[in-house]
Each structure stands twice: as structure tokens, then as C-alpha cells.
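Student: I'd like to ask some things about the structure below.
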2 protein chains.
Amino acid sequence: MPQRRRTETPAPVFAALGDENRLRLLAQLGGGEPLSISRLTAGSGISRQGITKHLRVLAGAGLVRSSRRGKESLWQLERRRLEEARRSLDQIALQWDVALDKLRRFVEEKT
Amino acid sequence: MPQRRRTETPAPVFAALGDENRLRLLAQLGGGEPLSISRLTAGSGISRQGITKHLRVLAGAGLVRSSRRGKESLWQLERRRLEEARRSLDQIALQWDVALDKLRRFVEEKT
DNA sequence: ATCTTAGGCAACTAGAAGGTTGCCTATCCC
DNA sequence: GGGATAGGCAACCTTCTAGTTGCCTAAGAT
């Protein structure tokens, strides 16, 4: 049996996604190429430190990962967690659909 | 032409989802049956006002909707917004997959 | 009429989040 | 070695957030 892990809520991941700047960062990293902090900062409208903080929040949620190369730190997406988040949403949506369906059928029955 | 709406970021929806208590509320409402605030408060560990606030955050993100019946206000899920959020995630994930694919193919080409 | 139950509103608090700036370190380039 | 470039760390400020409590109003139930 595949050892069901502890309930493990998706809330922190959603929280990490709940910010414009961070979504933008993810989009930039979505290009596939690992990017440096300076690169990510350019044209962002906020300071380098600000970007660093956001990246760390994303890393905390497991959505990105960094590695050093020389004087720069390169950031890239971590796909596993995002997939999990997507599955969570799908599941919520599904549960939801089922519920609505049940309700609709119930109503129709009564007609 | 279907009048492309302004970019409309999913961030607020994710932010609303980024909280345990709110996820729990959504789960409860996922039952399909509209529930009153008292009902949702029972056994939640936080106060009625706390629950009310969370519900309003969810409503602000368009995820739930309320209606009054007599002395109680009944809350239920609003599905459209959740679907939008799901699509956003799918899109990020997709962009990602494409990028990784491109990268992989690039690497293989060089081999 | 009055008691009880369901909620709304407002004020307040503690702590987290988003952002800044200043300064220090490491690396690269000449 | 010495200047430019890339970041890290820490302190700080302000705004938002999660939660509380107290008190008031509106329905229902008797």
C-alpha cells in the first residue's frame, strides 16, 4: 500500500501563490531557463531584496529551488509541488461538482 | 468577438485559498447544502466573528455567496471562480511542461 | 411580551507580510 | 590589487490579517 502521507494541507502553497509579484516570478521562471536574482529584479518595480524575499517564500512552499553558480544564484521551478496544488484544486472542484450534481438531481426528483 | 476581459489575475483567489480555516469552510460547503454561520462555527475552534470574516474573504474572492433566510444567513459555494483558478494553475503547469520539453529535446539534440 | 438564537458592527490587539535601506562578503574582470 | 557586479544579512517601517470581545438588532419560539 502506498503509505498515505499525513493529511498535508495545500494551504501554504496557495498562500505562496496569492501574490502578484510571486505569480510574475513563476511566470518568468516558467520560461525554463534558470534566472538570477538580478535578472528577476530588472523591471520588477521592487528592490532586489524584495525579490529575494518573494523567492524565499516560493522556496518555502516548495515551488522553486535555487543553486549557486559563481557569484550568482540561479532559480528555477520545482514542478512537483505545483502539480500537487493543481491536483488539490481539481479535487476541490470535483467534490464541488459532485455536490452540485447531487443537489440538482435531488431537486429534479422532487419535481 | 468575446470581449477579452482585462488581464484579471488569479492572485486574490489563491490568497483566499491560502488559509486552513478557509479551506475547511470550503470543504464543509462542498457538501452541497447551504450552511449557516452558526453551523459553520460549531467545532471550528474559532469564534463566530472569526468565521464571518473568513467567509467574507472567500466571498470577496468570489468563491462563496450568501443569502438570508429568516434570521440566518446561508452560505454556499460559487463554482465559476474556482474553475478559473484551476485553469490558471493548469496554464502555469502547461507552460512549464512545454519549457521542460523544449529543454529536454535541446539537450538530447546535443547528444 | 419576553426569552433565546442568529448575526451584524466596531474597536482593539498581536503578529505576519511586503517592502525599504545600509552595509558587508564573494566573485569576476582588468 | 582594485573596481564593478551579485547577493546575503539585519534593522526597520507600515500595512494587512487573524483573531478577539462587547454590545446592538432581528427573527423565532412560548
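So you can find residues: chains in the C-alpha cells are A, B, ... in the order shown, residues in each start at 1, and ligands are numbered from 1 in order.
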For the interface of chain C with range 25-28 of chain D (cut-off 9 Å, counting only C-alpha atoms (C1' of nucleotides)), please tabulate each contacting residue of chain C alongside its nearest pair of atoms and their separation in Å to one decimal, rows sorted by chain and increasing number, as a Markdown table.
Tutor:
```
| residue | atom | partner | partner_atom | distance |
| --- | --- | --- | --- | --- |
| C:DT4 | C1' | D:DG28 | C1' | 8.6 |
| C:DT5 | C1' | D:DG28 | C1' | 8.1 |
| C:DA6 | C1' | D:DA27 | C1' | 8.3 |
| C:DG7 | C1' | D:DA26 | C1' | 8.6 |
| C:DG8 | C1' | D:DT25 | C1' | 8.1 |
```
Student: Write the residues of the selection above to a file with N, CA and C atoms (P, O5', C5', C4', C3', O3' and C1' of nucleotides), as a PDB file, in the first residue's frame.
Tutor:
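Result saved to part23.pdb:
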```pdb
ATOM      1  P    DT C   4     -33.736  32.463  28.128  1.00  0.00           P
ATOM      2  O5'  DT C   4     -33.536  32.210  26.579  1.00  0.00           O
ATOM      3  C5'  DT C   4     -34.491  31.345  25.942  1.00  0.00           C
ATOM      4  C4'  DT C   4     -34.058  31.060  24.520  1.00  0.00           C
ATOM      5  C3'  DT C   4     -32.548  30.960  24.344  1.00  0.00           C
ATOM      6  O3'  DT C   4     -32.333  30.023  23.321  1.00  0.00           O
ATOM      7  C1'  DT C   4     -33.364  32.718  23.015  1.00  0.00           C
ATOM      8  P    DT C   5     -30.994  29.241  23.107  1.00  0.00           P
ATOM      9  O5'  DT C   5     -30.809  29.468  21.557  1.00  0.00           O
ATOM     10  C5'  DT C   5     -31.930  29.296  20.693  1.00  0.00           C
ATOM     11  C4'  DT C   5     -31.657  30.028  19.409  1.00  0.00           C
ATOM     12  C3'  DT C   5     -30.196  29.957  18.973  1.00  0.00           C
ATOM     13  O3'  DT C   5     -30.185  29.523  17.628  1.00  0.00           O
ATOM     14  C1'  DT C   5     -30.937  32.186  18.951  1.00  0.00           C
ATOM     15  P    DA C   6     -28.869  29.539  16.796  1.00  0.00           P
ATOM     16  O5'  DA C   6     -28.999  30.932  16.026  1.00  0.00           O
ATOM     17  C5'  DA C   6     -29.945  31.048  14.983  1.00  0.00           C
ATOM     18  C4'  DA C   6     -29.528  32.144  14.022  1.00  0.00           C
ATOM     19  C3'  DA C   6     -28.055  32.080  13.623  1.00  0.00           C
ATOM     20  O3'  DA C   6     -27.954  32.386  12.233  1.00  0.00           O
ATOM     21  C1'  DA C   6     -28.505  34.144  14.685  1.00  0.00           C
ATOM     22  P    DG C   7     -26.533  32.233  11.517  1.00  0.00           P
ATOM     23  O5'  DG C   7     -26.179  33.730  11.167  1.00  0.00           O
ATOM     24  C5'  DG C   7     -26.293  34.675  12.168  1.00  0.00           C
ATOM     25  C4'  DG C   7     -26.471  36.057  11.606  1.00  0.00           C
ATOM     26  C3'  DG C   7     -25.141  36.645  11.138  1.00  0.00           C
ATOM     27  O3'  DG C   7     -25.365  37.592  10.108  1.00  0.00           O
ATOM     28  C1'  DG C   7     -25.881  37.714  13.120  1.00  0.00           C
ATOM     29  P    DG C   8     -24.197  38.348   9.407  1.00  0.00           P
ATOM     30  O5'  DG C   8     -24.321  39.797  10.085  1.00  0.00           O
ATOM     31  C5'  DG C   8     -25.420  40.636   9.712  1.00  0.00           C
ATOM     32  C4'  DG C   8     -25.202  42.011  10.315  1.00  0.00           C
ATOM     33  C3'  DG C   8     -23.874  42.651   9.913  1.00  0.00           C
ATOM     34  O3'  DG C   8     -24.105  44.030   9.598  1.00  0.00           O
ATOM     35  C1'  DG C   8     -24.009  42.488  12.279  1.00  0.00           C
TER      36       DG C   8
END
```
Student: At a cut-off of 7 Å, list the chain C residues touching chain A, using only C-alpha atoms (C1' of nucleotides), as a ChimeraX atom specification.
Tutor: /C:19,26-27
Student: Could you please select, counting only C-alpha atoms (C1' of nucleotides), the residues of chain D within 10 Å of chain A and state them as a list of chain:residue names?
Tutor: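 The selection requested is D:DT5, D:DA6, D:DG7, D:DG8.
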Student: Could you work out how far CA of Gly18 in chain A lies from CA of Pro10 in chain B, giving the answer in Å with one decimal?
Tutor: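 Rounded to one decimal, the two atoms are 7.8 Å apart.
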Student: Point out the residue among A:Arg80, A:Leu74, A:Arg86, A:Leu55 with the least atom-to-atom distance to chain B, counting only C-alpha atoms.
Tutor: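 Closest to chain B of all the choices is A:Arg86.
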Student: So, with only C-alpha atoms as the atoms that count, which of B:Leu40, B:Ala15, B:Leu29, B:Leu58 lies closest to chain A?
Tutor: B:Ala15
Student: Which of these residues is nearest to Arg22 in chain A, using only C-alpha atoms (C1' of nucleotides): C:DG18, C:DC23, C:DC28, C:DC9?
Tutor: C:DG18
Student: Please provide as a ChimeraX atom specification all residues within 12 Å of DA16 in chain C, with the sequence filter that same-chain residues fewer than 2 positions apart are discarded (counting only C-alpha atoms (C1' of nucleotides)).
Tutor: /C:14,18 /D:15-18
Student: Step one, run DSSP on the backbone; step two, keep only residues of range 7-108 of chain B assigned to strand (DSSP E); then write them as a list in words.
Tutor: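 Listing strand (DSSP E) positions across range 7-108 of chain B yields Leu35, Ser36, Val64, Arg65, Ser66, Ser67, Arg68, Arg69, Glu72, Ser73, Leu74, Trp75, Gln76 and Leu77 of chain B.
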